[in-house]
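Engineer: Have a look at the structure that comes next, please.
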Amino acid sequence: MMGGNWGKVLKVDLTSGTTQEVEIPEKDYRDFLGGSGLAAKWFFDNECWKDEPLSPENPLMIMNGPLSGTNLPGVSRLAFCARSPLTGIWGEASMGGHFAPQLKRTGYDGIIFTGASDKPVYLYLSDEKAEIRDASHLWGKDNYETEELLREEVGDKRAQVVSIGPAGENMVKFACVMNDRGSTAGRCGMGAVMGSKKLKAVVVRGNAKVPIADEAAFKEAREKMNELLKFSLVADGLRNFGSNVHMEYGMAISDVPTKNWQVAYWDKGPGELGGTAVAESILTKNHSCYACPISCKRIVEVKSGPYAIEEGPGSEYEAAAALGTLQFMDDREANHKANELCNRYGMDVISCGSTLAYATEAFEKGLITESDTAGMKLGWNQPETLLELIRMTAMREGIGNDLADGTRAMSEKYGGKEMAIHVKGLECPMHDPRCFWAMALTYATSIRGACHCADANLYVELGVLDIREMGVKRTWPYSTKGKAAQTVAAQKKGVIANSAVICEYAWNAAGGHIGEMNMMLKSLTGFDYTFDEMLKVGDRIWYIKRALGNLMGATREEDQLPKRILEPHVEGITSSLHLAAYPQFLSLLPLQMIKSEGFIKTTGNILAKFLYPNIDKMLTSMNYLPNFSRRRKKLERGDQAERQKKTVAFDKMLQEFYQLRDIDSQGRPSRRRLEELGLKDVAEALHS
């Protein structure tokens with residue numbers, strides 16, 4: 001018996017206004033799980049790589065996984081997939097919130113939209129009917145308004161809505177899709193694909209019971225995962241400070257991009273924008289995705305002033321950095337206002353913040369002038385300018401029309417490609433490869449472009465995740481040794497999580513072990529994977545996505561990083577500090593092995609009250625120790641030997657990665673490797 005899935009998706013042709021059920025073979029579920037993995041298989045089978053990103057033929061796939069929407073912790077996620085208008089290659093974005101469980105209860109594993117409507121529409125889907133409805137009255141409204149109006153319109157407060165705002169309507173190439181005000185399918189411009197189809201929103205409400213292969217085993221799996229999270233200090237940190245718990249530690253080790261990746265350390269980052277600062281000032285409560293015990297989302301309120309916002313979703317780490325430190329802006333309230341505007345308009349905070357940071361530096365250096373900006377003067381730490389540029393970008397107004405095409409397009413028009421921090425056209429997330437060398441491989445070899453969620457490297461480097469079960473040791477941050485093998489292992493875990501589908505915060509906070517993943521999948525689907533079979537699934541999904549990228553034009557030439565984020569900061573903060581920070585006293589894994597509620601509660605309180613608020617000061621004070629100070633001064637003096645030593649040895653790691661992955665000189669997986677994974681048809685399409 002196959003549980004966890006319904007065996008079918010709903011296909012919606014927006015050109016004809018018709019819908020039909022499409023059955024998915026059980027073998028595809030077993031081989032590709034669901035989520036972005038199953039989407040990639042369908043995309044390949046239907047030769048969608050031949051379709052342009054904003055053409056009616058490019059399908060938009062909203063896909064659950066076998067875990068999605070059950071009451072296991074951290075599984076209220078789903079994937080949005082299409083050819084990306086921002087990068088021109090395979091695009092995918094993951095969303096949490098409350099949409100996945102309602103979609104699951106409609107009796108479908110996903111929705112595939114093809115064609116394009118000639119007027120704005122939305123889809124209403126329940127377990128009884130599917131209707132394409134007029135959305136002309138919603139066109140132009142922001143995501144918050146749209147969600148509220150649609151719940152009223154369908155007459156059910158429990159209905160869940162995903163929608164686009166003005167940015168998606170205007171086909172801003174990094175437009176996102178929103179649910180629950182603060183849950184985002186952010187990357188790769190999936191909102192622009194919806195906009196090109198005149199699809200304003202999707203509303204779902206279901207009552208069907210999710211099929212479970214083994215109810216007793218499922219209950220046991222749920223209890224075990226909840227137990228693991230109960231004793232997880234990682235989960236405790238996320239609960240107390242959200243994902244922005246990383247700001248204080250990250251800034252201390254120069255992992256927080258600042259002033260468009262030019263500054264290694266800025267004390268106002270953690271001091272004004274960090275998770276503890278937010279918790280002590282504008283935080284009102286926590287919020288969680290469906291059935292998740294962590295509750296890492298921040299609900300904030302700014303009651304008055306120029307940046308007043310009603311109680312609602314606050315900045316997560318990526319927004320705190322991309323719309324804060326990256327702009328060299330230390331105004332906490334303005335940062336949260338910028339985040340709210342991106343949510344309302346529907347724009348990815350990473351791509352938006354990165355593009356604006358590029359524009360600011362380009363203006364500073366004379367590449368963009370006042371004649372381009374209609375007299376507006378761009379500059380660092382200018383909150384009002386930042387907010388206005390966000391609005392102009394969403395509306396494609398003035399210079400915003402160029403900004404809406406992203407960093408790569410901006411640098412091609414105005415110059416300064418060394419200031420445009422992206423890979424394959426996708427702007428880099430807010431983690432610095434100079435801090436964790438493995439992230440250089442993560443960004444360069446990620447299928448969709450620069451991405452920190454496509455593999456588990458970040459969590460391995462931070463000491464949160466152990467990959468020894470896969471026969472791979474955690475590596476030293478500033479060494480090439482073992483980096484390629486670590487990255488391959490991390491990619492297997494990443495694609496499994498994104499196809500199963502489970503939140504990487506929850507899974508990694510619970511240990512991130514393949515054994516627990518198999519336990520959950522077997523209880524739901526009945527598929528009895530061996531350990532090696534599960535890893536093979538991870539490989540199969542990675543390789544079909546890599547091949548899709550090749551079919552859409554990606555080669556080895558695109559597996560490159562901007563020079564700026566490979567060379568050491570002049571200040572030398574990263575090179576000195578991380579040597580002290582790396583030893584696993586900062587890894588919480590050993591403490592989590594002590595299964596005592598009292599111990600975990602006491603330790604969690606100590607961490608929350610003393611360690612997290614002071615970790616920045618604790619670590620930066622080590623910079624004054626003689627050994628670290630000497631190295632920093634060498635970099636400040638421009639010592640070439642020291643600079644070379646601290647420059648990320650990227651090319652060597654990349655060549656080793658290609659060998660392990662069996663990637664040829666054009667950047668394609670070998671025919672042999674594809675055929676070993678049962679992808680003979682993919683090999684034929686790629687190598688014919």
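Every chain in the structure tokens takes a letter, A first, then B, and so on in the order presented; its residues are numbered from 1, and the ligands are numbered from 1 following the presented order.
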Using backbone DSSP assignments, extract all alpha helix (DSSP H) residues from segment 12-61 of chain A; output them as a ChimeraX atom specification.
Structural biologist: /A:26-32,35-45
Engineer: Which segment 74-137 of chain A residues have any atom within 10 Å of an atom of segment 548-556 of chain A, and for each, what is the nearest pair of atoms with distance in Å to one decimal, counting only C-alpha atoms, rows sorted by chain and number, as CSV?
Structural biologist:
residue,atom,partner,partner_atom,distance
A:Arg83,CA,A:Met552,CA,8.9
A:Thr87,CA,A:Ala554,CA,9.9
A:Gly88,CA,A:Met552,CA,7.2
A:Ile89,CA,A:Gly549,CA,5.5
A:Trp90,CA,A:Gly549,CA,5.8
A:Gly91,CA,A:Gly549,CA,9.3
Engineer: Based on DSSP run over this structure's backbone, return all residues of segment 11-183 of chain A in strand (DSSP E or B), as a PyMOL selection string.
Structural biologist: chain A and resi 11-13+18-23+60-63+78-83+90-95+110-114+121-126+130-134+160-163+175+177-179+183
Engineer: Can those selected residues be exported to a file as a PDB file, in the first residue's frame so that it contains C-alpha atoms?
Structural biologist:
ATOM      1  CA  LYS A  11      -3.701  20.015 -13.901  1.00  0.00           C
ATOM      2  CA  VAL A  12      -5.172  23.445 -14.620  1.00  0.00           C
ATOM      3  CA  ASP A  13      -5.098  24.864 -18.144  1.00  0.00           C
ATOM      4  CA  THR A  18     -10.311  23.613 -17.819  1.00  0.00           C
ATOM      5  CA  THR A  19      -9.035  21.206 -15.164  1.00  0.00           C
ATOM      6  CA  GLN A  20      -8.198  17.519 -15.180  1.00  0.00           C
ATOM      7  CA  GLU A  21      -6.795  14.894 -12.842  1.00  0.00           C
ATOM      8  CA  VAL A  22      -3.398  13.472 -13.765  1.00  0.00           C
ATOM      9  CA  GLU A  23      -2.306  10.171 -12.246  1.00  0.00           C
ATOM     10  CA  LEU A  60       3.953  26.396 -12.498  1.00  0.00           C
ATOM     11  CA  MET A  61       3.989  23.375 -10.189  1.00  0.00           C
ATOM     12  CA  ILE A  62       2.804  23.578  -6.574  1.00  0.00           C
ATOM     13  CA  MET A  63       3.797  20.240  -5.055  1.00  0.00           C
ATOM     14  CA  LEU A  78       5.547  22.465  -0.104  1.00  0.00           C
ATOM     15  CA  ALA A  79       7.467  23.389  -3.244  1.00  0.00           C
ATOM     16  CA  PHE A  80       6.812  25.881  -6.059  1.00  0.00           C
ATOM     17  CA  CYS A  81       8.683  24.958  -9.235  1.00  0.00           C
ATOM     18  CA  ALA A  82       9.014  26.355 -12.770  1.00  0.00           C
ATOM     19  CA  ARG A  83      11.656  27.617 -15.142  1.00  0.00           C
ATOM     20  CA  TRP A  90      15.374  25.342 -13.123  1.00  0.00           C
ATOM     21  CA  GLY A  91      13.697  27.310 -10.376  1.00  0.00           C
ATOM     22  CA  GLU A  92      12.182  26.188  -7.114  1.00  0.00           C
ATOM     23  CA  ALA A  93      11.076  27.781  -3.870  1.00  0.00           C
ATOM     24  CA  SER A  94       9.940  26.217  -0.606  1.00  0.00           C
ATOM     25  CA  MET A  95       7.091  27.566   1.516  1.00  0.00           C
ATOM     26  CA  GLY A 110      -0.137  19.091  -6.149  1.00  0.00           C
ATOM     27  CA  ILE A 111      -1.421  21.518  -8.749  1.00  0.00           C
ATOM     28  CA  ILE A 112       0.174  22.081 -12.148  1.00  0.00           C
ATOM     29  CA  PHE A 113      -0.786  25.279 -13.959  1.00  0.00           C
ATOM     30  CA  THR A 114      -0.234  25.568 -17.693  1.00  0.00           C
ATOM     31  CA  VAL A 121      -8.175  34.717 -12.051  1.00  0.00           C
ATOM     32  CA  TYR A 122      -7.773  32.615  -8.948  1.00  0.00           C
ATOM     33  CA  LEU A 123      -8.279  28.899  -8.385  1.00  0.00           C
ATOM     34  CA  TYR A 124     -10.595  27.661  -5.649  1.00  0.00           C
ATOM     35  CA  LEU A 125      -9.924  24.018  -4.827  1.00  0.00           C
ATOM     36  CA  SER A 126     -11.668  21.832  -2.263  1.00  0.00           C
ATOM     37  CA  ALA A 130     -12.121  22.950  -8.571  1.00  0.00           C
ATOM     38  CA  GLU A 131     -13.184  26.319  -9.931  1.00  0.00           C
ATOM     39  CA  ILE A 132     -11.344  29.035 -11.844  1.00  0.00           C
ATOM     40  CA  ARG A 133     -12.817  32.328 -10.633  1.00  0.00           C
ATOM     41  CA  ASP A 134     -12.484  35.953 -11.683  1.00  0.00           C
ATOM     42  CA  GLN A 160      -5.680  28.875   2.977  1.00  0.00           C
ATOM     43  CA  VAL A 161      -4.481  31.319   0.344  1.00  0.00           C
ATOM     44  CA  VAL A 162      -1.268  31.688  -1.649  1.00  0.00           C
ATOM     45  CA  SER A 163      -1.102  34.880  -3.657  1.00  0.00           C
ATOM     46  CA  ALA A 175       8.649  38.250  -7.196  1.00  0.00           C
ATOM     47  CA  VAL A 177       4.426  33.899  -3.513  1.00  0.00           C
ATOM     48  CA  MET A 178       2.980  34.525  -0.044  1.00  0.00           C
ATOM     49  CA  ASN A 179       0.839  32.661   2.489  1.00  0.00           C
ATOM     50  CA  SER A 183       5.340  32.468   4.835  1.00  0.00           C
TER      51      SER A 183
END
Engineer: A:Pro53, A:Thr602, A:His98, A:Phe32: which is nearest Gly678 of chain A, counting only C-alpha atoms?
Structural biologist: A:Phe32
Engineer: Separation of atom CA of Glu384 of chain A and atom CA of Ile350 of chain A, in Å?
Structural biologist: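 Going from atom CA of Glu384 of chain A over to atom CA of Ile350 of chain A covers 18.9 Å.
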Engineer: With a distance cut-off of 7 Å and only C-alpha atoms, select the neighbouring residues of segment 338-342 of chain A, excluding the residue or stretch itself and same-chain residues fewer than 4 positions from it, and output the selection as a ChimeraX atom specification.
Structural biologist: /A:315,319,323,334,346-349,387
Engineer: Which residues are close to Ala450 of chain A, i.e. within 8 Å by only C-alpha atoms, leaving aside same-chain residues fewer than 4 positions away? Reply as a list in words.
Structural biologist: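 Listed by chain and then number, they are His422, Val423, Lys424, Leu426, Glu427, Cys428, Pro429, Thr442, Tyr443, Ala444 and Ser446 of chain A.
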Engineer: Just to be explicit: take each residue in the selection above, keep C-alpha atoms, and write the result as an mmCIF file, in the first residue's frame.
Structural biologist:
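Result file result_11.cif:
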data_model
loop_
_atom_site.group_PDB
_atom_site.id
_atom_site.type_symbol
_atom_site.label_atom_id
_atom_site.label_comp_id
_atom_site.auth_asym_id
_atom_site.auth_seq_id
_atom_site.Cartn_x
_atom_site.Cartn_y
_atom_site.Cartn_z
ATOM 1 C CA HIS A 422 25.066 36.256 -7.560
ATOM 2 C CA VAL A 423 25.548 32.773 -8.998
ATOM 3 C CA LYS A 424 23.738 31.817 -12.205
ATOM 4 C CA LEU A 426 20.354 34.151 -8.327
ATOM 5 C CA GLU A 427 21.566 36.539 -5.622
ATOM 6 C CA CYS A 428 23.634 34.977 -2.837
ATOM 7 C CA PRO A 429 21.987 34.288 0.535
ATOM 8 C CA THR A 442 27.216 25.086 -2.016
ATOM 9 C CA TYR A 443 26.568 28.291 -3.951
ATOM 10 C CA ALA A 444 28.505 27.341 -7.078
ATOM 11 C CA SER A 446 23.460 24.532 -6.349
#
Engineer: Hey, can you check how far atom CA of Leu283 of chain A sits from atom CA of Phe231 of chain A?
Structural biologist: 24.9 Å
Engineer: Identify, on the basis of only C-alpha atoms, every residue whose closest approach to Met171 of chain A does not exceed 12 Å; exclude the query and any residue fewer than 5 positions from it along the same chain; express the result as a ChimeraX atom specification.
Structural biologist: /A:53-55,84-86,164-166,176-177,188-200,345-347,393-396,401,403-406
Engineer: Mind writing the picked residues with C-alpha atoms as a PDB file, in the first residue's frame?
Structural biologist:
ATOM      1  CA  PRO A  53      10.151  31.309 -18.349  1.00  0.00           C
ATOM      2  CA  LEU A  54       7.351  33.848 -18.891  1.00  0.00           C
ATOM      3  CA  SER A  55       5.642  32.007 -21.731  1.00  0.00           C
ATOM      4  CA  SER A  84      12.935  30.745 -13.422  1.00  0.00           C
ATOM      5  CA  PRO A  85      12.499  34.152 -15.087  1.00  0.00           C
ATOM      6  CA  LEU A  86      15.388  35.451 -12.970  1.00  0.00           C
ATOM      7  CA  ILE A 164       1.030  37.394  -5.481  1.00  0.00           C
ATOM      8  CA  GLY A 165       1.190  41.116  -4.867  1.00  0.00           C
ATOM      9  CA  PRO A 166       1.885  43.970  -7.296  1.00  0.00           C
ATOM     10  CA  CYS A 176       7.607  35.705  -4.575  1.00  0.00           C
ATOM     11  CA  VAL A 177       4.426  33.899  -3.513  1.00  0.00           C
ATOM     12  CA  CYS A 188      13.665  32.295  -8.331  1.00  0.00           C
ATOM     13  CA  GLY A 189      10.679  34.493  -9.236  1.00  0.00           C
ATOM     14  CA  MET A 190       7.796  32.070  -8.908  1.00  0.00           C
ATOM     15  CA  GLY A 191       5.540  35.090  -8.307  1.00  0.00           C
ATOM     16  CA  ALA A 192       6.492  36.460 -11.726  1.00  0.00           C
ATOM     17  CA  VAL A 193       5.494  33.143 -13.333  1.00  0.00           C
ATOM     18  CA  MET A 194       2.099  33.430 -11.615  1.00  0.00           C
ATOM     19  CA  GLY A 195       1.821  37.022 -12.818  1.00  0.00           C
ATOM     20  CA  SER A 196       2.582  36.021 -16.408  1.00  0.00           C
ATOM     21  CA  LYS A 197      -0.339  33.603 -16.208  1.00  0.00           C
ATOM     22  CA  LYS A 198      -2.643  36.259 -14.676  1.00  0.00           C
ATOM     23  CA  LEU A 199      -3.005  33.878 -11.715  1.00  0.00           C
ATOM     24  CA  LYS A 200      -3.539  36.102  -8.674  1.00  0.00           C
ATOM     25  CA  TYR A 345       4.292  43.653  -2.585  1.00  0.00           C
ATOM     26  CA  GLY A 346       5.537  40.069  -2.848  1.00  0.00           C
ATOM     27  CA  MET A 347       9.309  40.187  -3.373  1.00  0.00           C
ATOM     28  CA  THR A 393      10.900  48.101  -7.789  1.00  0.00           C
ATOM     29  CA  ALA A 394       7.554  46.423  -7.112  1.00  0.00           C
ATOM     30  CA  MET A 395       5.790  48.921  -9.369  1.00  0.00           C
ATOM     31  CA  ARG A 396       8.560  48.933 -12.014  1.00  0.00           C
ATOM     32  CA  ASN A 401      12.078  49.014 -13.733  1.00  0.00           C
ATOM     33  CA  LEU A 403      16.032  46.950 -10.366  1.00  0.00           C
ATOM     34  CA  ALA A 404      13.117  44.569 -10.978  1.00  0.00           C
ATOM     35  CA  ASP A 405      15.281  42.487 -13.300  1.00  0.00           C
ATOM     36  CA  GLY A 406      17.793  41.617 -10.588  1.00  0.00           C
TER      37      GLY A 406
END
